[in-house]
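Written out below as structure tokens is the structure these notes cover.
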Amino acid sequence: MPFYQTSCSRNSSKVDSQPSFRSVPSIKSLCHDQSFSHNLETQHQCIANLKGQNSYTSSLVLGGKYLFTGSSDKEICMWEQKALTSTIDAGIIDTVIAGKGAVKSLVILADKVFSAHQDHKIRVWRIENHDTDTPKIVHLATLPLLSDRAFKFMVPKNHVQIRRHKKSTWVHHVDTVSALALSNDESFLYSVSWDRTLKIWRTSDFKCLESIANAHDDAINTLEISQEGDVFTGSADKKIKMWRKEEKKHLLVCTLEKHRSGVNALAVGRSSTSTDSVLYSGACDRSILVWEKDESGDMVLVGALRGHKKSILCLAVVADLVCSGSADKTVRVWRGVERCYSCLSVISGHSGPVKCLTVTSDQQIPSDTTSSYILYTASLDGETMVWKIYVPFL
């Protein structure tokens, strides 16, 4: 398979001639130092193209030695990672059909998989026989649990108005569940929905503990949790909100309002200048905004990453790299050091918008000069591709 090489220069973030985003003119572009980017060459190679799903991949996650993909047509598939990154023919180990519509999000907790669905449900799966050659995905529960629904239904105060002539209990999502995330100690599962709510579930017994109604003014698209335990939600209302648990309830800490259109993606990394988290947000305004904490602990905007020609649909962080997928059919790989970012590579291989991606360090090929990463990308063109990226050491 061919290698593709990118040589970074001072203007490496503007690989094409597209001008800076007109939608966010007041936000500075994070600079590129000549000495930082000089003579750095990043290579990428497509090493696999996954076949077997009947529709496009709408979500994916890595868990142990497996890759899990969720499709727009209610399938959840399990693949062996090792087979995807070697010369072994890669195939689906197991597939389950779940609910109706797209599988919007997947998270892993030990031998369990939590999936978010377009049919308003969250499903829990167990991976059985995972140490054998024939692991299976087995349905464990659907949230909210029947016991939780029945108990809440009996008490009138647990009912909330969802439409003019319809009510439901507060434990229910009443629209597409768009994203999931686990707390750092894995005790709680967070879910957000196009119904504008943020819900918190206990992972030990799957009970719904809390629901924040009208958390946003429009559909909530994305969810991330920082190393400090702060919860970030991004919405079609153009806002990012930061929530923090105070005693038994989650309270709104602040609202970040710099995007000019709906927020589609969030990712959290670690600052190179402190122990604090860095928040990356991607939106329909084609911008990736970078947020950090100031000396008082408040989230502040430090700049924007520019280069994509259309909406940012997905983000992922590994080490000092940020990967972004866009409706312009490309994936960009960025590296940031002390608020100085360079676009190391522009990956073109999909013929449709890049809907989701995930990335991990590659431990198989140690090198004295480069670090390598495995990137998984999925597009509305129906292709799910596996890439190997080689990044020189600084």
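Residues are named by chain letter and number: chains run A, B, ... in the order of the structure tokens, numbers start at 1 in each chain, and ligands are numbered from 1 in the order shown.
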Using only C-alpha atoms, which protein or nucleic acid residues come within 12 Å of A:Thr330? Drop anything in the same chain fewer than 2 positions from it, and give the result as a compact mmCIF listing (two decimals) with N, CA and C atoms, in the first residue's frame.
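See part-v5.txt below for the written result:
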```txt
# COMPACT_ATOMS: atom_id res chain seq x y z
N VAL A 15 -3.33 23.96 4.06
CA VAL A 15 -2.84 23.14 2.98
C VAL A 15 -3.48 23.54 1.67
N ASP A 16 -4.74 23.92 1.71
CA ASP A 16 -5.41 24.42 0.52
C ASP A 16 -5.43 25.94 0.57
N GLY A 307 -8.76 25.26 8.60
CA GLY A 307 -8.29 24.50 7.45
C GLY A 307 -9.39 23.71 6.77
N HIS A 308 -10.32 23.16 7.55
CA HIS A 308 -11.43 22.42 6.95
C HIS A 308 -12.34 23.36 6.17
N LYS A 309 -12.88 22.84 5.07
CA LYS A 309 -13.72 23.65 4.19
C LYS A 309 -15.20 23.56 4.54
N LYS A 310 -15.57 22.52 5.30
CA LYS A 310 -16.97 22.35 5.67
C LYS A 310 -17.07 21.98 7.16
N SER A 311 -18.27 21.62 7.60
CA SER A 311 -18.55 21.37 9.02
C SER A 311 -17.59 20.36 9.63
N ILE A 312 -17.22 20.59 10.89
CA ILE A 312 -16.48 19.61 11.68
C ILE A 312 -17.51 18.65 12.28
N LEU A 313 -17.34 17.36 12.02
CA LEU A 313 -18.32 16.37 12.47
C LEU A 313 -17.83 15.51 13.63
N CYS A 314 -16.50 15.36 13.78
CA CYS A 314 -15.99 14.49 14.84
C CYS A 314 -14.57 14.89 15.22
N CYS A 323 -7.23 14.84 16.10
CA CYS A 323 -7.71 14.40 14.79
C CYS A 323 -9.12 14.93 14.58
N SER A 324 -9.37 15.48 13.41
CA SER A 324 -10.68 16.06 13.11
C SER A 324 -11.21 15.51 11.80
N GLY A 325 -12.49 15.12 11.81
CA GLY A 325 -13.17 14.65 10.61
C GLY A 325 -14.22 15.65 10.20
N SER A 326 -14.39 15.81 8.87
CA SER A 326 -15.22 16.90 8.38
C SER A 326 -16.14 16.46 7.25
N ALA A 327 -17.15 17.29 7.02
CA ALA A 327 -18.04 17.09 5.88
C ALA A 327 -17.32 17.37 4.56
N ASP A 328 -16.10 17.92 4.62
CA ASP A 328 -15.31 18.12 3.40
C ASP A 328 -14.60 16.85 2.94
N ARG A 332 -7.99 15.70 9.32
CA ARG A 332 -6.77 16.45 9.57
C ARG A 332 -6.17 16.02 10.91
N VAL A 333 -4.86 15.93 10.93
CA VAL A 333 -4.12 15.57 12.14
C VAL A 333 -3.32 16.79 12.57
N SER A 345 -0.97 16.56 8.85
CA SER A 345 -1.39 15.74 7.72
C SER A 345 -2.85 16.00 7.38
N VAL A 346 -3.14 15.93 6.09
CA VAL A 346 -4.52 15.96 5.60
C VAL A 346 -4.76 14.62 4.91
N ILE A 347 -5.68 13.84 5.44
CA ILE A 347 -5.93 12.49 4.95
C ILE A 347 -7.17 12.50 4.07
N SER A 348 -6.98 12.19 2.82
CA SER A 348 -8.08 12.11 1.86
C SER A 348 -8.20 10.66 1.40
N GLY A 349 -9.37 10.11 1.54
CA GLY A 349 -9.59 8.73 1.14
C GLY A 349 -11.06 8.39 1.06
N HIS A 350 -11.84 9.18 1.78
CA HIS A 350 -13.29 8.97 1.77
C HIS A 350 -13.93 9.80 0.66
N SER A 351 -15.06 9.32 0.17
CA SER A 351 -15.80 10.05 -0.86
C SER A 351 -17.06 10.70 -0.30
N GLY A 352 -17.20 10.68 1.02
CA GLY A 352 -18.33 11.31 1.68
C GLY A 352 -17.87 11.94 2.99
N PRO A 353 -18.75 12.67 3.68
CA PRO A 353 -18.40 13.28 4.96
C PRO A 353 -17.90 12.25 5.97
N VAL A 354 -16.88 12.63 6.74
CA VAL A 354 -16.32 11.74 7.77
C VAL A 354 -17.15 11.91 9.03
N LYS A 355 -17.91 10.86 9.37
CA LYS A 355 -18.91 10.94 10.42
C LYS A 355 -18.34 10.69 11.81
N CYS A 356 -17.39 9.75 11.94
CA CYS A 356 -16.84 9.45 13.25
C CYS A 356 -15.43 8.90 13.09
N LEU A 357 -14.65 9.02 14.17
CA LEU A 357 -13.28 8.51 14.16
C LEU A 357 -12.81 8.24 15.57
N THR A 377 -11.46 5.61 10.77
CA THR A 377 -12.36 6.66 10.28
C THR A 377 -13.55 6.02 9.58
N ALA A 378 -14.72 6.63 9.72
CA ALA A 378 -15.94 6.13 9.07
C ALA A 378 -16.67 7.29 8.43
N SER A 379 -17.21 7.03 7.25
CA SER A 379 -17.81 8.08 6.44
C SER A 379 -19.21 7.71 5.99
```
Long-range neighbours of A:Asp119 as a VMD selection string, 8 Å cut-off, only C-alpha atoms, 2 positions minimum in chain: chain A and resid 99 to 101 117 121 175 to 177
The selected residues should be written to file as a PDB file, in the first residue's frame (atoms: C-alpha atoms).
```
ATOM      1  CA  GLY A  99     -33.607  -1.357  18.207  1.00  0.00           C
ATOM      2  CA  LYS A 100     -34.574   0.937  15.352  1.00  0.00           C
ATOM      3  CA  GLY A 101     -32.447   3.418  13.435  1.00  0.00           C
ATOM      4  CA  HIS A 117     -29.826   4.622  19.823  1.00  0.00           C
ATOM      5  CA  LYS A 121     -33.037   3.873  24.219  1.00  0.00           C
ATOM      6  CA  ASP A 175     -35.779  11.624  21.302  1.00  0.00           C
ATOM      7  CA  THR A 176     -32.550  10.258  19.812  1.00  0.00           C
ATOM      8  CA  VAL A 177     -29.841   9.522  22.395  1.00  0.00           C
TER       9      VAL A 177
END
```
Every residue of stretch 95-326 of chain A that DSSP places in alpha helix (DSSP H), as a PDB file with C-alpha atoms, in the first residue's frame:
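This is the output file states33.pdb:
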```
ATOM      1  CA  LEU A 146     -38.593  -1.770  33.543  1.00  0.00           C
ATOM      2  CA  SER A 147     -38.344  -1.563  37.343  1.00  0.00           C
ATOM      3  CA  ASP A 148     -37.171   2.051  37.121  1.00  0.00           C
ATOM      4  CA  ARG A 149     -39.952   2.966  34.692  1.00  0.00           C
ATOM      5  CA  ALA A 150     -42.670   1.263  36.733  1.00  0.00           C
ATOM      6  CA  PHE A 151     -41.612   2.851  40.027  1.00  0.00           C
ATOM      7  CA  LYS A 152     -41.429   6.349  38.535  1.00  0.00           C
ATOM      8  CA  PHE A 153     -44.733   5.886  36.689  1.00  0.00           C
TER       9      PHE A 153
END
```
So that I can see what lies close to A:Ser191, please list as number ranges by chain the residues with an atom at most 6 Å from it, counting only C-alpha atoms and leaving out residues fewer than 5 positions away in the same chain. A: 179-180, 198-199
For A:Trp125, list every protein, DNA or RNA residue within 9 Å, evaluated using only C-alpha atoms, and leave out those in the same chain fewer than 3 positions away; present the list as JSON, numbers by chain. {"A": [111, 112, 113, 114, 115, 137, 138, 139, 140, 141]}
Check the DSSP output for the backbone and give back, as a ChimeraX atom specification, the residues of stretch 163-279 of chain A in strand (DSSP E). /A:163,166-169,177-182,188-193,198-202,208-212,220-225,231-235,240-246,249-256,263-270,277-279
Determine, counting only C-alpha atoms, which protein, DNA and RNA residues have an atom within 9 Å of an atom of stretch 385-391 of chain A; residues of the same chain fewer than 5 positions away are not included. Present the result as a ChimeraX atom specification. /A:40-50,84-85,344,349-350,362,369-379
For a test of reading the model, state the distance in Å between atom CA of A:Gly303 and atom CA of A:Asp237, rounded to one decimal. 20.7 Å
So the first atom is atom CA of A:Leu380 and the second is atom CA of A:Ser72; what is the distance between them in Å, to one decimal place? 9.4 Å
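From atom CA of A:Glu228 back to atom CA of A:Asp195, the distance works out to 26.9 Å.
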So that I can check the surroundings of A:Cys208, please list as an MDAnalysis selection string every protein, DNA and RNA residue that reaches within 10 Å of it, counting only C-alpha atoms and ignoring chain neighbours fewer than 6 positions away. chainID A and resid 143:145 148:149 170:172 188:190 199:202
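The shortest atom-to-atom distance to A:Arg196, with only C-alpha atoms taken into account, belongs to A:Ala236 out of A:Ile225, A:Leu67, A:Ala236, A:Val231.
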